[in-house]
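Visitor: Submitted below is the structure of interest, expressed as structure tokens.
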Amino acid sequence: MKAIRFGLITRIALLVVGVELAAFGALGWFYTDRFSSAADEHLRSRLLEVGRMIANEEMAVGVIARPGLMHQLVGAPLLSGMAIGGNGRVIVATDPAHLGRQAVSIPGFDPRWIGAAVPAEQFFPRADALAAVLQLRGSVSGTLLYTVVVTVSMAEANAEKQAIAFWGVAGSLLFILLSSAAIVLITQRLITRRVQASLGVLKQVEEGMLDARIPVSAADELGELQLGINSMTEKLATLLKEHRRNAEELRASSRLLDSIIDNIPNMIFLKRAGDLRFVLFNRAGEQLLGFNRQELLGKNDYDFFPREQADFFTAKDREVLAARALVDIPEETIDTRGGKRILHTKKLALRDGAGEAEFLLGISEDITERKRDAEELLRHRDHLEELVATRTGQLAEAKAAAEAANHAKSMFLANMSHEIRTPMNAILGLTHLLRAQATPEQLDRLDKIDGAGHHLLSIINDILDISKIEAGKLQLERSDFALSAVLDHVRSLVGESARAKGLEIFVEGDSVPLWLRGDAMRLRQALLNYASNAVKFTEKGGITLRAQLIEESGDELLVRFEVADTGIGIDPDKLADLFQAFEQIDASTTRKYGGTGLGLVIARRLALLMGGDAGAESAPGRGSTFWFTARLQRGHGIVPTAAADADADAERALRTLHRGARLLLAEDNAINREVALELLHGVGLAVDTAEDGVEALEKARVHRYDLILMDVQMPNLDGLAATQAIRKLPGWGQVPILAMTANAFDEDRRACVAAGMNDFIAKPVDPPELYATLHKWLGKSAAELPPSAPPPPPPPPPPAPRPDDALVLERLAAMPGCDARRGVGVVRGKVGRYLDLLGRFLASHAGDMDRIAAVAPAERDEATRLAHSLKGAAATLGLDGLSEIARRIEFGLRGEPATPYATLAEDLAALRGGFETLRATLAPSG
């Protein structure tokens, strides 16, 4: 059944009617009830008034028996009335039959009307009657006079009430009908028409008439609503126009994009992520594959490619969809209707706002022709490479010849220096040995021999320095140093010769930070060259060593070093020639002052290596100022105390101050161990030995030592690892541990410091350097020495001298590659012990060549260790030739990549030859 639908106006009218019915119903009931109550109250008050008048004797009690009078007095018809005396008998009654009778005996009389406890006024309503019971008392005495019972008719009153209620209801209904009709008419006029007009305009807007507007006739709520609809319609029209414009622009952009994609020379395609079917293909793709778009769209790779290719493409597509980056496929072969083509493809997954892949975009470039061109170019390049290789071979031969010449030059300088240094070492060594039993006159001559020898050695060292600098093999070190120590050292080195000529030496360096970082040794060398020349060419006055800060940028410093003198001076036009190798201002200076002219060259080359330059300022007769600059860094350190340099004789200090100090010597090579023991026992030190890092660690656990000498390369546990383990032992944090190594390069030093070592002693051991270093570190730990150290065990007696020892020593001095003087020096001049050590060296190392050759390539470290041990032992005994060959073998095995064993065969053969020569030299005469 279709539901009844009421219009808006009908619903409003029904609502109004319902509201009015409820309101007027409640109001009518209220006023009807009040009217009925008022009428009843009025009747009762009239009855009470009649009773009061009877009690006050304003009228006779008999009035209650007269119906007409009572009707007038009360306003309602009298049905019955009686007055009952105090004895209960009726004394007045409308019905004469009741007179004199007991009231309770009269039919219809209610016993509740009389009695002592009865209220003075009672009313008993009945259906159409009202009974009033009044007790009348005297106004003065208060004595009960009568009990009056009056019953009046309520028919007229009730009829009047019903009439009033009827006309009230009728009037209300009429008012409701009229007001509802008025409301409907007014609503029809004020709302319905305007709403219908609004709906009509909205219909027009719906049909596309966006300029239609609702006429607003009143500024009420509906008018506000109509204004809101008009505003919304206006905005909607604007948005719709914007939408249409955007849609048109989007269509134009789409057409442009389609045109661009279609005209791109590379194949562009788009696949759905779900089924990998093509949804877009450009014209280049059609031309490349030989299919038109209608054949391609909605298909997948399996529809027109061989299965193997389709599997490859599909697998790549799945990788792209899983990845979140562009996937580049440099090369893929594809079958087309025109044949096989080679493509370079890039693929990317296009994702929605949730990050899910929707499409797969691919761009493919046909590189078939480029590939063919590249192959053709490669063929031409191979031919060109053949031509270049031929020319390169010719250039390589020329380069090899040049390198051979340079190598020959370096070998010549090295051999020359070696050949000169060998006899010079013998001269200086024998001079040192002769001092012990020389007379004063002989000492003077020995001093001259010693001075000449050291001068010759300085010339050789200058030549080698120039050779190293030119070959790029001179490496600068970087360490912290005190500038004052460098300047004071230079002053002390030239001080004796300056004092001999009556010259004063001044030092000025206050403008430069106290601590610097750089190569202190090379700075000292350059300054010493300048200072030596200044002393040489100055007869009177003084010499000033000066350091000035030129530039400063954070920790980077540019420092200018100067040596100014009051000497003979130089012509300005000749200053430039001073810094050329082997140049002198005048040949006469060589005869008068000596020199090779290399000192200034070395100073300038060192300055250039340190990021600076060098030069001179001078005038004849007015002195000269030689300068060089160096780029250094701020350093850090502790200012040395004067007490640290108080005793220059380290050997004597060890004997007197540290006699009995207990040392641990960790050295795997027996020869090096013997030499070190000879030197240590010679100054009164007690020494325990360990042949590897494991033994050193075990002895450190058990004994307390004042200092440890630790070889770096040892079997089982090397010196670095052993040092780290010892440092972890209780009480070993501050005990000096000194490295003994033949590899004193920067990286080796850094490794030693990192392992916890305090200092370095280079191999082969130089006795003065060893003693100075021991004195330095034993002095720092002197507070930890026991109060009375036990005397060390006496050193083993040297072998008894043999008759032909001197002859063997002469043969060794003449043997190429042997520095016998230095070898004898390391055992403190004991020739017999030196020759004994050489014999032990032959016995323990003669088989090293075979052991190195027999070690498998996988055990290269063992072969490297053997070569290193051989190199150190040979160098200690002055066998420089054998040491150099062993060094080449060690570096070849240590290099990356390592030198093949076959390539080392020549060096191994040279080692065998060197051992045979040594064996023959040591063989007894006769």
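Order determines the names: the first chain of the structure tokens is A, the second B, and so forth; residues in each chain are numbered 1 upward, and ligands are numbered 1 upward as they are shown.
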Write out as an MDAnalysis selection string each polymer residue whose atoms come within 12 Å of segment 486-495 of chain A, counting only C-alpha atoms; drop sequence neighbours fewer than 4 positions from it.

Guide: chainID A and resid 480:482 499:510 514:516 518:536 542:547 561:563 645

Visitor: From the set A:Ala398, A:Leu680, A:Ile268, A:Ala846, which residue has the shortest atom-to-atom contact distance to Arg662 of chain A, counting only C-alpha atoms?

Guide: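 Of A:Ala398, A:Leu680, A:Ile268, A:Ala846, the one nearest Arg662 of chain A is A:Leu680, counting only C-alpha atoms.
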
Visitor: Where does DSSP see helix (DSSP H, G or I) in segment 169-261 of chain A, if you list the residues as a ChimeraX atom specification?

Guide: /A:169-206,221-261

Visitor: Hey, which of A:Gly599, A:Gly171, A:Gly274, A:Gly200 ends up closest to Ile214 of chain A? Count only C-alpha atoms.

Guide: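 Ranked by minimum distance to Ile214 of chain A, first place goes to A:Gly200.
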
Visitor: Determine, counting only C-alpha atoms, which protein, DNA and RNA residues have an atom within 9 Å of an atom of Ala722 of chain A; residues of the same chain fewer than 2 positions away are not included. Present the result as a ChimeraX atom specification.

Guide: /A:692-694,696-697,710,717-720,724-727,755

Visitor: Find the residues near segment 345-362 of chain A: any atom within 7 Å, counting only C-alpha atoms, skip ones fewer than 2 places away on the same chain, and give them as a tab-separated table (two decimals) with all heavy atoms, in the first residue's frame.

Guide:
chain	number	residue	atom	x	y	z
A	268	ILE	N	58.48	3.41	-26.19
A	268	ILE	CA	57.92	3.60	-24.85
A	268	ILE	C	56.68	2.72	-24.75
A	268	ILE	O	55.82	2.73	-25.64
A	268	ILE	CB	57.55	5.07	-24.61
A	268	ILE	CG1	58.81	5.94	-24.68
A	268	ILE	CG2	56.87	5.25	-23.27
A	268	ILE	CD1	58.54	7.42	-24.49
A	269	PHE	N	56.59	1.99	-23.63
A	269	PHE	CA	55.44	1.13	-23.43
A	269	PHE	C	55.03	1.16	-21.97
A	269	PHE	O	55.82	1.51	-21.09
A	269	PHE	CB	55.73	-0.31	-23.88
A	269	PHE	CG	56.91	-0.94	-23.19
A	269	PHE	CD1	56.77	-1.64	-22.00
A	269	PHE	CD2	58.18	-0.85	-23.74
A	269	PHE	CE1	57.85	-2.22	-21.37
A	269	PHE	CE2	59.27	-1.43	-23.11
A	269	PHE	CZ	59.11	-2.11	-21.92
A	270	LEU	N	53.77	0.81	-21.72
A	270	LEU	CA	53.22	0.79	-20.36
A	270	LEU	C	52.45	-0.50	-20.19
A	270	LEU	O	51.64	-0.87	-21.05
A	270	LEU	CB	52.29	1.99	-20.15
A	270	LEU	CG	51.97	2.38	-18.71
A	270	LEU	CD1	53.22	2.88	-18.01
A	270	LEU	CD2	50.90	3.46	-18.68
A	271	LYS	N	52.70	-1.20	-19.06
A	271	LYS	CA	52.02	-2.46	-18.78
A	271	LYS	C	51.27	-2.34	-17.45
A	271	LYS	O	51.72	-1.64	-16.55
A	271	LYS	CB	53.02	-3.62	-18.67
A	271	LYS	CG	53.78	-3.93	-19.93
A	271	LYS	CD	54.73	-5.11	-19.68
A	271	LYS	CE	55.52	-5.45	-20.92
A	271	LYS	NZ	56.45	-6.59	-20.69
A	272	ARG	N	50.15	-3.05	-17.35
A	272	ARG	CA	49.46	-3.15	-16.07
A	272	ARG	C	50.28	-4.04	-15.14
A	272	ARG	O	50.83	-5.06	-15.57
A	272	ARG	CB	48.06	-3.74	-16.24
A	272	ARG	CG	47.01	-2.73	-16.65
A	272	ARG	CD	45.61	-3.28	-16.44
A	272	ARG	NE	45.38	-4.49	-17.19
A	272	ARG	CZ	44.84	-4.54	-18.41
A	272	ARG	NH1	44.46	-3.41	-19.00
A	272	ARG	NH2	44.68	-5.68	-19.03
A	273	ALA	N	50.34	-3.63	-13.88
A	273	ALA	CA	51.17	-4.38	-12.92
A	273	ALA	C	50.59	-5.77	-12.66
A	273	ALA	O	51.32	-6.72	-12.41
A	273	ALA	CB	51.30	-3.61	-11.62
A	320	VAL	N	61.38	-5.40	-11.43
A	320	VAL	CA	61.14	-3.96	-11.41
A	320	VAL	C	59.98	-3.63	-10.48
A	320	VAL	O	60.04	-2.67	-9.70
A	320	VAL	CB	60.87	-3.45	-12.83
A	320	VAL	CG1	60.47	-1.98	-12.80
A	320	VAL	CG2	62.10	-3.64	-13.70
A	321	LEU	N	58.90	-4.41	-10.56
A	321	LEU	CA	57.73	-4.14	-9.71
A	321	LEU	C	58.06	-4.33	-8.23
A	321	LEU	O	57.51	-3.65	-7.36
A	321	LEU	CB	56.57	-5.06	-10.11
A	321	LEU	CG	55.98	-4.80	-11.50
A	321	LEU	CD1	54.96	-5.87	-11.86
A	321	LEU	CD2	55.33	-3.42	-11.57
A	325	ALA	N	63.33	1.36	-7.37
A	325	ALA	CA	64.26	2.22	-8.09
A	325	ALA	C	64.23	1.86	-9.57
A	325	ALA	O	63.69	0.82	-9.96
A	325	ALA	CB	65.68	2.07	-7.54
A	326	LEU	N	64.79	2.73	-10.36
A	326	LEU	CA	64.89	2.50	-11.80
A	326	LEU	C	65.82	1.33	-12.04
A	326	LEU	O	66.90	1.23	-11.45
A	326	LEU	CB	65.43	3.77	-12.48
A	326	LEU	CG	65.60	3.69	-14.00
A	326	LEU	CD1	64.24	3.74	-14.68
A	326	LEU	CD2	66.45	4.86	-14.49
A	327	VAL	N	65.41	0.40	-12.89
A	327	VAL	CA	66.22	-0.76	-13.25
A	327	VAL	C	66.73	-0.56	-14.67
A	327	VAL	O	65.95	-0.32	-15.60
A	327	VAL	CB	65.40	-2.06	-13.13
A	327	VAL	CG1	66.22	-3.24	-13.60
A	327	VAL	CG2	64.95	-2.28	-11.70
A	328	ASP	N	68.06	-0.64	-14.81
A	328	ASP	CA	68.71	-0.42	-16.09
A	328	ASP	C	69.16	-1.76	-16.65
A	328	ASP	O	69.89	-2.51	-16.00
A	328	ASP	CB	69.91	0.52	-15.90
A	328	ASP	CG	70.42	1.05	-17.24
A	328	ASP	OD1	70.26	0.35	-18.25
A	328	ASP	OD2	70.98	2.17	-17.26
A	329	ILE	N	68.69	-2.08	-17.87
A	329	ILE	CA	69.10	-3.32	-18.55
A	329	ILE	C	69.95	-2.89	-19.74
A	329	ILE	O	69.43	-2.47	-20.78
A	329	ILE	CB	67.87	-4.12	-19.02
A	329	ILE	CG1	66.91	-4.35	-17.83
A	329	ILE	CG2	68.29	-5.44	-19.63
A	329	ILE	CD1	65.58	-4.93	-18.23
A	330	PRO	N	71.28	-2.93	-19.59
A	330	PRO	CA	72.14	-2.37	-20.64
A	330	PRO	C	71.96	-3.01	-22.00
A	330	PRO	O	72.07	-2.34	-23.02
A	330	PRO	CB	73.56	-2.60	-20.09
A	330	PRO	CG	73.38	-2.80	-18.62
A	330	PRO	CD	72.05	-3.44	-18.46
A	343	LEU	N	68.52	-3.98	-27.65
A	343	LEU	CA	67.91	-2.83	-26.99
A	343	LEU	C	68.63	-2.53	-25.67
A	343	LEU	O	69.12	-3.43	-24.99
A	343	LEU	CB	66.42	-3.09	-26.69
A	343	LEU	CG	65.53	-3.47	-27.86
A	343	LEU	CD1	64.10	-3.65	-27.38
A	343	LEU	CD2	65.60	-2.44	-28.96
A	364	SER	N	62.87	1.86	-24.23
A	364	SER	CA	63.89	1.03	-24.88
A	364	SER	C	64.51	1.81	-26.02
A	364	SER	O	63.80	2.42	-26.84
A	364	SER	CB	63.28	-0.27	-25.40
A	364	SER	OG	62.77	-1.05	-24.33
A	365	GLU	N	65.83	1.76	-26.06
A	365	GLU	CA	66.58	2.41	-27.14
A	365	GLU	C	67.22	1.33	-28.01
A	365	GLU	O	67.86	0.40	-27.49
A	365	GLU	CB	67.66	3.32	-26.56
A	365	GLU	CG	68.49	4.02	-27.61
A	365	GLU	CD	69.63	4.83	-27.01
A	365	GLU	OE1	69.84	4.74	-25.78
A	365	GLU	OE2	70.34	5.51	-27.77

Visitor: Just want the 9 Å neighbourhood of Ser80 of chain A, counted on only C-alpha atoms, with same-chain residues fewer than 3 positions away dropped. Output as a ChimeraX atom specification.

Guide: /A:64-65,67,93-95,149-152

Visitor: Let's see if you can do this: from backbone DSSP, list all strand (DSSP E or B) residues in segment 483-570 of chain A, as an NGL selection string.

Guide: :A and (504-508 or 515-518 or 542-553 or 556-565)

Visitor: Generate a file of the selected residues that holds N, CA, C and O atoms, formatted as a compact mmCIF listing (two decimals), in the first residue's frame.

Guide:
# COMPACT_ATOMS: atom_id res chain seq x y z
N GLU A 504 131.46 35.19 17.81
CA GLU A 504 130.31 34.99 18.69
C GLU A 504 129.13 34.44 17.88
O GLU A 504 128.96 34.80 16.71
N ILE A 505 128.34 33.60 18.54
CA ILE A 505 127.16 33.04 17.88
C ILE A 505 125.93 33.47 18.67
O ILE A 505 125.85 33.27 19.89
N PHE A 506 124.97 34.07 17.96
CA PHE A 506 123.74 34.54 18.57
C PHE A 506 122.57 33.71 18.03
O PHE A 506 122.57 33.29 16.86
N VAL A 507 121.56 33.52 18.88
CA VAL A 507 120.37 32.75 18.49
C VAL A 507 119.15 33.61 18.73
O VAL A 507 118.97 34.15 19.84
N GLU A 508 118.29 33.76 17.70
CA GLU A 508 117.05 34.52 17.82
C GLU A 508 115.91 33.67 17.28
O GLU A 508 115.87 33.38 16.08
N TRP A 515 107.25 24.87 20.21
CA TRP A 515 107.18 23.49 19.70
C TRP A 515 106.64 23.50 18.28
O TRP A 515 105.64 24.13 17.98
N LEU A 516 107.33 22.76 17.40
CA LEU A 516 106.94 22.65 15.99
C LEU A 516 106.82 21.18 15.63
O LEU A 516 107.27 20.30 16.37
N ARG A 517 106.23 20.94 14.46
CA ARG A 517 106.10 19.58 13.95
C ARG A 517 106.62 19.55 12.52
O ARG A 517 106.15 20.30 11.67
N GLY A 518 107.59 18.69 12.27
CA GLY A 518 108.20 18.57 10.95
C GLY A 518 109.39 17.65 11.04
O GLY A 518 109.50 16.83 11.95
N GLY A 542 130.54 38.18 14.23
CA GLY A 542 129.69 37.14 14.80
C GLY A 542 128.74 36.54 13.76
O GLY A 542 128.67 36.98 12.61
N ILE A 543 128.01 35.55 14.23
CA ILE A 543 127.06 34.81 13.38
C ILE A 543 125.75 34.73 14.14
O ILE A 543 125.73 34.45 15.35
N THR A 544 124.65 34.97 13.45
CA THR A 544 123.32 34.94 14.07
C THR A 544 122.48 33.84 13.43
O THR A 544 122.32 33.81 12.19
N LEU A 545 121.96 32.96 14.28
CA LEU A 545 120.98 31.95 13.83
C LEU A 545 119.60 32.51 14.19
O LEU A 545 119.33 32.80 15.36
N ARG A 546 118.73 32.65 13.19
CA ARG A 546 117.48 33.36 13.41
C ARG A 546 116.31 32.54 12.83
O ARG A 546 116.44 31.94 11.75
N ALA A 547 115.17 32.55 13.53
CA ALA A 547 113.92 31.94 13.03
C ALA A 547 112.81 32.97 13.18
O ALA A 547 112.66 33.59 14.23
N GLN A 548 112.03 33.17 12.09
CA GLN A 548 110.95 34.16 12.09
C GLN A 548 109.67 33.52 11.57
O GLN A 548 109.70 32.74 10.61
N LEU A 549 108.54 33.89 12.20
CA LEU A 549 107.23 33.41 11.75
C LEU A 549 106.73 34.34 10.65
O LEU A 549 106.52 35.53 10.88
N ILE A 550 106.52 33.80 9.43
CA ILE A 550 106.11 34.61 8.27
C ILE A 550 104.60 34.56 8.09
O ILE A 550 103.94 35.59 7.91
N GLU A 551 104.03 33.36 8.13
CA GLU A 551 102.59 33.20 7.93
C GLU A 551 102.07 32.23 8.99
O GLU A 551 102.79 31.36 9.46
N GLU A 552 100.76 32.40 9.31
CA GLU A 552 100.12 31.53 10.29
C GLU A 552 98.67 31.33 9.89
O GLU A 552 97.94 32.29 9.68
N SER A 553 98.28 30.07 9.75
CA SER A 553 96.89 29.75 9.42
C SER A 553 96.49 28.53 10.24
O SER A 553 96.73 27.39 9.84
N GLU A 556 98.95 25.59 10.73
CA GLU A 556 99.92 25.63 9.64
C GLU A 556 100.77 26.89 9.76
O GLU A 556 100.24 28.00 9.90
N LEU A 557 102.10 26.72 9.70
CA LEU A 557 103.03 27.83 9.88
C LEU A 557 104.02 27.88 8.72
O LEU A 557 104.41 26.83 8.19
N LEU A 558 104.40 29.09 8.33
CA LEU A 558 105.50 29.28 7.38
C LEU A 558 106.60 29.99 8.16
O LEU A 558 106.43 31.13 8.61
N VAL A 559 107.74 29.30 8.32
CA VAL A 559 108.85 29.81 9.14
C VAL A 559 110.05 30.09 8.25
O VAL A 559 110.37 29.29 7.35
N ARG A 560 110.69 31.23 8.47
CA ARG A 560 111.90 31.60 7.73
C ARG A 560 113.10 31.44 8.67
O ARG A 560 113.12 32.00 9.77
N PHE A 561 114.06 30.64 8.22
CA PHE A 561 115.30 30.42 8.97
C PHE A 561 116.43 31.19 8.29
O PHE A 561 116.55 31.14 7.05
N GLU A 562 117.25 31.88 9.08
CA GLU A 562 118.34 32.68 8.53
C GLU A 562 119.62 32.40 9.29
O GLU A 562 119.61 32.13 10.49
N VAL A 563 120.73 32.50 8.55
CA VAL A 563 122.07 32.52 9.16
C VAL A 563 122.77 33.75 8.61
O VAL A 563 123.07 33.82 7.41
N ALA A 564 122.97 34.74 9.47
CA ALA A 564 123.61 36.00 9.06
C ALA A 564 125.03 36.05 9.62
O ALA A 564 125.27 35.67 10.77
N ASP A 565 125.95 36.49 8.79
CA ASP A 565 127.35 36.59 9.23
C ASP A 565 127.92 37.96 8.89
O ASP A 565 127.29 38.76 8.19

Visitor: Could you check which of A:Trp627, A:Asp335, A:Leu837, A:Gly81 is closest to Arg307 of chain A, using only C-alpha atoms?

Guide: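 With only C-alpha atoms as the atom set, the closest residue is A:Asp335.
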
Visitor: One decimal, Å: what's the distance from atom CA of Lys728 of chain A over to atom CA of Met757 of chain A, could you say?

Guide: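 Atom-to-atom, atom CA of Lys728 of chain A and atom CA of Met757 of chain A are spaced 12.8 Å apart.
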
Visitor: From the set A:Gly847, A:Pro715, A:Gly839, A:Pro767, which residue has the shortest atom-to-atom contact distance to Ala690 of chain A, counting only C-alpha atoms?

Guide: A:Pro715
